[in-house]
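Colleague: So I've got this file, input_33.cif, and it contains mmCIF, C-alpha atoms:
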```
data_data
#
loop_
_atom_site.group_PDB
_atom_site.id
_atom_site.type_symbol
_atom_site.label_atom_id
_atom_site.label_comp_id
_atom_site.auth_asym_id
_atom_site.auth_seq_id
_atom_site.Cartn_x
_atom_site.Cartn_y
_atom_site.Cartn_z
ATOM 1 C CA MET A 28 -23.311 60.881 64.910
ATOM 2 C CA SER A 29 -19.558 61.019 65.209
ATOM 3 C CA LEU A 30 -17.318 59.679 62.474
ATOM 4 C CA VAL A 31 -16.425 56.698 64.666
ATOM 5 C CA GLU A 32 -20.116 55.867 65.076
ATOM 6 C CA LEU A 33 -20.811 56.212 61.354
ATOM 7 C CA ILE A 34 -17.984 53.799 60.508
ATOM 8 C CA ALA A 35 -19.209 51.341 63.131
ATOM 9 C CA GLN A 36 -22.685 51.309 61.573
ATOM 10 C CA ALA A 37 -21.687 51.323 57.895
ATOM 11 C CA ASP A 38 -22.300 48.337 55.628
ATOM 12 C CA GLU A 39 -19.647 46.816 53.369
ATOM 13 C CA ARG A 40 -20.306 49.154 50.437
ATOM 14 C CA GLY A 41 -20.252 52.197 52.722
ATOM 15 C CA LEU A 42 -16.998 51.076 54.325
ATOM 16 C CA ALA A 43 -15.370 50.380 50.953
ATOM 17 C CA ALA A 44 -16.505 53.767 49.637
ATOM 18 C CA SER A 45 -15.266 55.513 52.774
ATOM 19 C CA GLY A 46 -11.801 53.973 52.566
ATOM 20 C CA LEU A 47 -11.577 54.456 48.807
ATOM 21 C CA ALA A 48 -12.654 58.091 49.101
ATOM 22 C CA CYS A 49 -9.923 58.756 51.683
ATOM 23 C CA LEU A 50 -7.331 57.145 49.421
ATOM 24 C CA ASP A 51 -8.649 58.953 46.342
ATOM 25 C CA ARG A 52 -8.275 62.347 48.004
ATOM 26 C CA CYS A 53 -4.649 61.530 48.801
ATOM 27 C CA VAL A 54 -3.678 60.491 45.250
ATOM 28 C CA PRO A 55 -1.761 63.789 44.699
ATOM 29 C CA LEU A 56 0.784 62.581 47.256
ATOM 30 C CA LEU A 57 1.377 59.464 45.153
ATOM 31 C CA GLY A 58 1.927 61.295 41.872
ATOM 32 C CA GLY A 59 -1.144 59.715 40.289
ATOM 33 C CA ASP A 60 -3.593 61.194 37.819
ATOM 34 C CA ASP A 61 -7.163 61.929 38.788
ATOM 35 C CA LEU A 62 -8.617 58.834 37.108
ATOM 36 C CA VAL A 63 -6.289 56.174 38.518
ATOM 37 C CA LEU A 64 -8.813 54.889 41.063
ATOM 38 C CA ARG A 65 -11.893 55.283 38.870
ATOM 39 C CA PRO A 66 -12.102 51.516 38.098
ATOM 40 C CA LEU A 67 -12.447 50.851 41.838
ATOM 41 C CA TRP A 68 -15.360 53.281 42.023
ATOM 42 C CA ALA A 69 -16.949 51.466 39.072
ATOM 43 C CA SER A 70 -16.575 48.155 40.910
ATOM 44 C CA LEU A 71 -18.361 49.602 43.926
ATOM 45 C CA ALA A 72 -21.171 50.850 41.713
ATOM 46 C CA ASP A 73 -21.853 47.519 40.020
ATOM 47 C CA GLY A 74 -20.897 45.261 42.930
ATOM 48 C CA SER A 75 -18.100 43.535 41.035
ATOM 49 C CA ASP A 76 -14.762 42.325 42.371
ATOM 50 C CA TRP A 77 -12.244 45.141 42.665
ATOM 51 C CA SER A 78 -9.063 43.083 43.113
ATOM 52 C CA GLU A 79 -7.934 43.471 39.491
ATOM 53 C CA GLY A 80 -8.504 47.233 39.547
ATOM 54 C CA LEU A 81 -6.666 47.443 42.857
ATOM 55 C CA GLU A 82 -3.613 45.659 41.472
ATOM 56 C CA LYS A 83 -3.592 47.942 38.432
ATOM 57 C CA ALA A 84 -3.760 50.985 40.696
ATOM 58 C CA ARG A 85 -0.872 49.668 42.757
ATOM 59 C CA GLY A 86 1.109 49.051 39.580
ATOM 60 C CA SER A 87 0.420 52.588 38.395
ATOM 61 C CA LEU A 88 0.999 54.374 41.683
ATOM 62 C CA GLY A 89 3.525 52.040 43.267
ATOM 63 C CA THR A 90 3.376 51.270 46.949
ATOM 64 C CA GLY A 91 7.044 51.884 47.694
ATOM 65 C CA GLU A 92 8.404 50.691 50.997
ATOM 66 C CA ALA A 93 4.889 50.405 52.381
ATOM 67 C CA THR A 94 4.165 47.183 50.474
ATOM 68 C CA GLY A 95 3.220 44.427 52.879
ATOM 69 C CA GLU A 96 3.389 46.684 55.922
ATOM 70 C CA GLY A 97 -0.070 45.547 57.061
ATOM 71 C CA ILE A 98 -3.143 47.285 58.350
ATOM 72 C CA GLY A 99 -1.701 48.149 61.745
ATOM 73 C CA LYS A 100 1.004 50.272 60.136
ATOM 74 C CA VAL A 101 -1.419 52.511 58.260
ATOM 75 C CA ILE A 102 -1.882 54.901 61.144
ATOM 76 C CA GLY A 103 1.817 55.226 61.937
ATOM 77 C CA GLU A 104 3.605 56.401 65.042
ATOM 78 C CA GLY A 105 5.521 59.589 65.683
ATOM 79 C CA ILE A 106 4.604 61.228 62.386
ATOM 80 C CA GLY A 107 6.679 64.322 61.663
ATOM 81 C CA GLU A 108 5.071 67.365 60.112
ATOM 82 C CA ASN A 109 6.212 67.166 56.504
ATOM 83 C CA ALA A 110 5.042 65.996 53.112
ATOM 84 C CA ASP A 111 7.350 62.960 53.099
ATOM 85 C CA GLU A 112 5.577 61.542 56.139
ATOM 86 C CA ALA A 113 2.208 62.269 54.548
ATOM 87 C CA GLU A 114 3.266 60.379 51.425
ATOM 88 C CA VAL A 115 4.294 57.368 53.517
ATOM 89 C CA LEU A 116 0.827 57.305 55.090
ATOM 90 C CA ALA A 117 -0.845 57.498 51.687
ATOM 91 C CA ARG A 118 1.285 54.641 50.342
ATOM 92 C CA ARG A 119 0.419 52.527 53.366
ATOM 93 C CA MET A 120 -3.286 53.160 52.741
ATOM 94 C CA LEU A 121 -2.900 51.806 49.214
ATOM 95 C CA ALA A 122 -0.716 48.888 50.273
ATOM 96 C CA ALA A 123 -3.165 47.816 52.986
ATOM 97 C CA ALA A 124 -6.300 47.873 50.807
ATOM 98 C CA PRO A 125 -7.931 44.427 50.981
ATOM 99 C CA ALA A 126 -8.535 42.499 47.769
ATOM 100 C CA SER A 127 -11.991 41.544 49.062
ATOM 101 C CA GLN A 128 -14.713 43.905 50.228
ATOM 102 C CA GLU A 129 -15.892 41.488 52.915
ATOM 103 C CA ALA A 130 -16.843 43.046 56.219
ATOM 104 C CA ALA A 131 -13.966 42.309 58.609
ATOM 105 C CA GLY A 132 -11.094 43.376 56.378
ATOM 106 C CA ILE A 133 -12.861 46.311 54.781
ATOM 107 C CA ARG A 134 -13.958 47.686 58.165
ATOM 108 C CA LEU A 135 -10.398 47.661 59.485
ATOM 109 C CA TRP A 136 -9.148 49.292 56.305
ATOM 110 C CA ALA A 137 -11.846 51.983 56.236
ATOM 111 C CA ASP A 138 -11.187 52.880 59.865
ATOM 112 C CA ALA A 139 -7.427 53.033 59.339
ATOM 113 C CA CYS A 140 -7.847 55.102 56.160
ATOM 114 C CA SER A 141 -10.024 57.548 58.070
ATOM 115 C CA VAL A 142 -7.293 58.075 60.655
ATOM 116 C CA ALA A 143 -4.506 58.199 58.064
ATOM 117 C CA SER A 144 -6.277 60.706 55.827
ATOM 118 C CA LEU A 145 -7.061 63.019 58.732
ATOM 119 C CA GLN A 146 -3.439 62.750 59.850
ATOM 120 C CA ILE A 147 -2.244 63.554 56.326
ATOM 121 C CA HIS A 148 -4.380 66.692 56.246
ATOM 122 C CA ARG A 149 -3.128 67.623 59.708
ATOM 123 C CA LEU A 150 0.497 67.227 58.585
ATOM 124 C CA LEU A 151 -0.015 69.375 55.494
ATOM 125 C CA ASP A 152 -2.147 72.107 57.082
ATOM 126 C CA PRO A 153 -0.143 75.326 57.626
ATOM 127 C CA ALA A 154 -2.486 76.087 60.526
ATOM 128 C CA GLU A 155 -2.082 74.190 63.771
ATOM 129 C CA ASP A 156 -4.719 71.700 64.840
ATOM 130 C CA ARG A 157 -4.885 72.003 68.619
ATOM 131 C CA ALA A 158 -6.161 68.499 69.364
ATOM 132 C CA PRO A 159 -3.545 66.065 70.738
ATOM 133 C CA SER A 160 -4.495 63.557 68.001
ATOM 134 C CA VAL A 161 -7.041 63.033 65.231
ATOM 135 C CA ASP A 162 -8.880 60.526 67.434
ATOM 136 C CA SER A 163 -10.720 63.293 69.272
ATOM 137 C CA ARG A 164 -11.830 64.738 65.913
ATOM 138 C CA ARG A 165 -13.256 61.387 64.858
ATOM 139 C CA GLU A 166 -15.138 61.168 68.143
ATOM 140 C CA GLY A 167 -16.803 64.559 67.628
ATOM 141 C CA GLY A 168 -14.396 67.100 69.165
ATOM 142 C CA THR A 169 -14.205 70.185 66.953
ATOM 143 C CA GLU A 170 -12.654 72.892 69.149
ATOM 144 C CA GLY A 171 -9.494 74.408 67.685
ATOM 145 C CA MET A 172 -9.703 72.340 64.504
ATOM 146 C CA SER A 173 -7.480 73.483 61.636
ATOM 147 C CA PRO A 174 -9.165 74.239 58.275
ATOM 148 C CA LEU A 175 -7.791 71.285 56.287
ATOM 149 C CA VAL A 176 -8.630 68.806 59.035
ATOM 150 C CA ALA A 177 -12.118 70.284 59.425
ATOM 151 C CA ALA A 178 -12.799 69.984 55.699
ATOM 152 C CA GLU A 179 -11.534 66.400 55.564
ATOM 153 C CA LEU A 180 -13.626 65.434 58.578
ATOM 154 C CA ARG A 181 -16.725 66.891 56.882
ATOM 155 C CA ARG A 182 -15.996 64.957 53.703
ATOM 156 C CA GLN A 183 -15.585 61.668 55.548
ATOM 157 C CA VAL A 184 -18.840 62.169 57.457
ATOM 158 C CA THR A 185 -20.730 63.181 54.301
ATOM 159 C CA VAL A 186 -19.548 60.147 52.311
ATOM 160 C CA LEU A 187 -20.669 57.766 55.049
ATOM 161 C CA GLU A 188 -24.019 59.542 55.414
ATOM 162 C CA LEU A 189 -24.585 59.418 51.649
ATOM 163 C CA LEU A 190 -23.944 55.686 51.466
ATOM 164 C CA ALA A 191 -26.049 55.001 54.565
ATOM 165 C CA GLY A 192 -28.949 57.009 53.190
ATOM 166 C CA HIS A 193 -28.798 56.206 49.487
ATOM 167 C CA GLY A 194 -26.716 53.025 49.043
ATOM 168 C CA ALA A 195 -25.205 52.658 45.570
ATOM 169 C CA ALA A 196 -27.088 55.769 44.434
ATOM 170 C CA GLY A 197 -24.916 57.825 46.801
ATOM 171 C CA LEU A 198 -21.687 56.804 45.090
ATOM 172 C CA ARG A 199 -21.798 59.530 42.421
ATOM 173 C CA ARG A 200 -22.006 62.275 45.032
ATOM 174 C CA ALA A 201 -19.352 60.550 47.135
ATOM 175 C CA LEU A 202 -17.047 60.559 44.102
ATOM 176 C CA ASP A 203 -17.760 64.254 43.528
ATOM 177 C CA ILE A 204 -16.850 65.000 47.145
ATOM 178 C CA SER A 205 -13.589 63.064 46.777
ATOM 179 C CA THR A 206 -12.766 64.874 43.551
ATOM 180 C CA GLU A 207 -13.222 68.206 45.316
ATOM 181 C CA GLY A 208 -11.014 67.086 48.206
ATOM 182 C CA ARG A 209 -8.344 65.796 45.844
ATOM 183 C CA ARG A 210 -8.182 69.190 44.118
ATOM 184 C CA VAL A 211 -7.759 70.899 47.472
ATOM 185 C CA LEU A 212 -4.949 68.571 48.511
ATOM 186 C CA ARG A 213 -3.268 68.863 45.105
ATOM 187 C CA ALA A 214 -3.213 72.652 45.549
ATOM 188 C CA VAL A 215 -1.742 72.276 49.050
ATOM 189 C CA VAL A 216 0.960 69.900 47.798
ATOM 190 C CA SER A 217 1.760 72.284 44.933
ATOM 191 C CA ARG A 218 2.106 75.241 47.310
ATOM 192 C CA ARG A 219 4.395 73.265 49.583
ATOM 193 C CA ALA A 220 6.531 72.218 46.617
ATOM 194 C CA ARG A 221 6.944 75.896 45.740
ATOM 195 C CA GLY A 222 7.814 76.687 49.357
ATOM 196 C CA LEU A 223 4.655 78.712 49.889
ATOM 197 C CA GLY A 224 2.767 76.437 52.306
#
```
Hey, can you dump this file as structure tokens for me?

Modeller:
Amino acid sequence: MSLVELIAQADERGLAASGLACLDRCVPLLGGDDLVLRPLWASLADGSDWSEGLEKARGSLGTGEATGEGIGKVIGEGIGENADEAEVLARRMLAAAPASQEAAGIRLWADACSVASLQIHRLLDPAEDRAPSVDSRREGGTEGMSPLVAAELRRQVTVLELLAGHGAAGLRRALDISTEGRRVLRAVVSRRARGLG
């Protein structure tokens, strides 16, 4: 199944995990430490409310000018290819996270985070992704995909498949996948900061 199809079929926990995993991988752009979103993962595991953990994360990471921008702004228009634009997308993902994990809001957020995270990886990839937009990637098009985008697409698909197949038991592996992706993105951001990427 394509990423779009997996998101369409995911339940609330799968959608929340998908969106959170996308955001977690992009934490290096927000200057956060690796554990800043861990309370949200814990809430997903035990089914508890995550609104308090979300507010603490926002307080720690800050949402900058993205605060209150709304879900429709997460994807963004006319994104330039630089780390500043990628950071704006990441901040909008955090700002738009719903306090409740109920289906309608969490589905919109998960879908927007999927697009935003793929776009972030596209912006930061030194190699060119030849697709006109990330939409074709989400729908299953893989020709001419750049390495960072390809890896992020695989991670998003795997997280959704894990949650669909294993429910709460898939969360540990989903977290491991996000941790791996976060390390990759942190290395990319570090190289760009040193003028090497």

Colleague: Which residues are close to His148 in chain A, i.e. within 10 Å by all atoms listed in the file, leaving aside same-chain residues fewer than 3 positions away? Reply as a PyMOL selection string.

Modeller: chain A and resi 53+110+113+143-145+151-153+156+173-180+212+215

Colleague: Selection in question (the file shown): the PyMOL selection byres ((chain A and resi 197) around 12). Which residues does it include, as number ranges by chain?

Modeller: A: 40-41, 44-45, 68, 71-72, 185-196, 198-204

Colleague: Between CA of Met172 in chain A and CA of Arg157 in chain A, what is the distance, to one decimal in Å?

Modeller: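 Separation between CA of Met172 in chain A and CA of Arg157 in chain A: 6.3 Å.
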
Colleague: Run the PyMOL selection byres ((chain A and resi 209) around 10) mentally over the shown coordinates, then write out the matched residues as a ChimeraX atom specification, using the chain letters and numbers from the document.

Modeller: /A:48-56,61,203-208,210-215

Colleague: Enter the distance from CA of Glu166 in chain A to CA of Glu112 in chain A, in Å, rounded to one decimal.

Modeller: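 It comes out at 23.9 Å.
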
Colleague: Would you kindly return, as an NGL selection string, each protein, DNA or RNA residue with an atom no farther than 10 Å from any atom of range 75-85 of chain A, considering only C-alpha atoms and excluding same-chain residues fewer than 3 positions away?

Modeller: :A and (59 or 62-72 or 88-91 or 94 or 118 or 121-122 or 124-128)

Colleague: Figure out the distance between CA of Asp60 in chain A and CA of Arg221 in chain A, please, to one decimal in Å.

Modeller: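 If I compute the distance from CA of Arg221 in chain A to CA of Asp60 in chain A, I get 19.7 Å.
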
Colleague: For Val142 in chain A, which residue among A:Ala158, A:Val216, A:Leu30, A:Val115 is the nearest when counting all atoms listed in the file?

Modeller: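 For Val142 in chain A, the nearest of the candidates is A:Leu30.
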
Colleague: Contacts of Ala130 in chain A at 7 Å or less, counting all atoms listed in the file, minus same-chain residues fewer than 3 places along, as number ranges by chain?

Modeller: A: 39, 133-134

Colleague: Find the residue from A:Gly132, A:Asp73, A:Leu116, A:Asp162 that sits nearest to Val31 in chain A; use all atoms listed in the file when measuring.

Modeller: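 Counting all atoms listed in the file, the residue closest to Val31 in chain A is A:Asp162.
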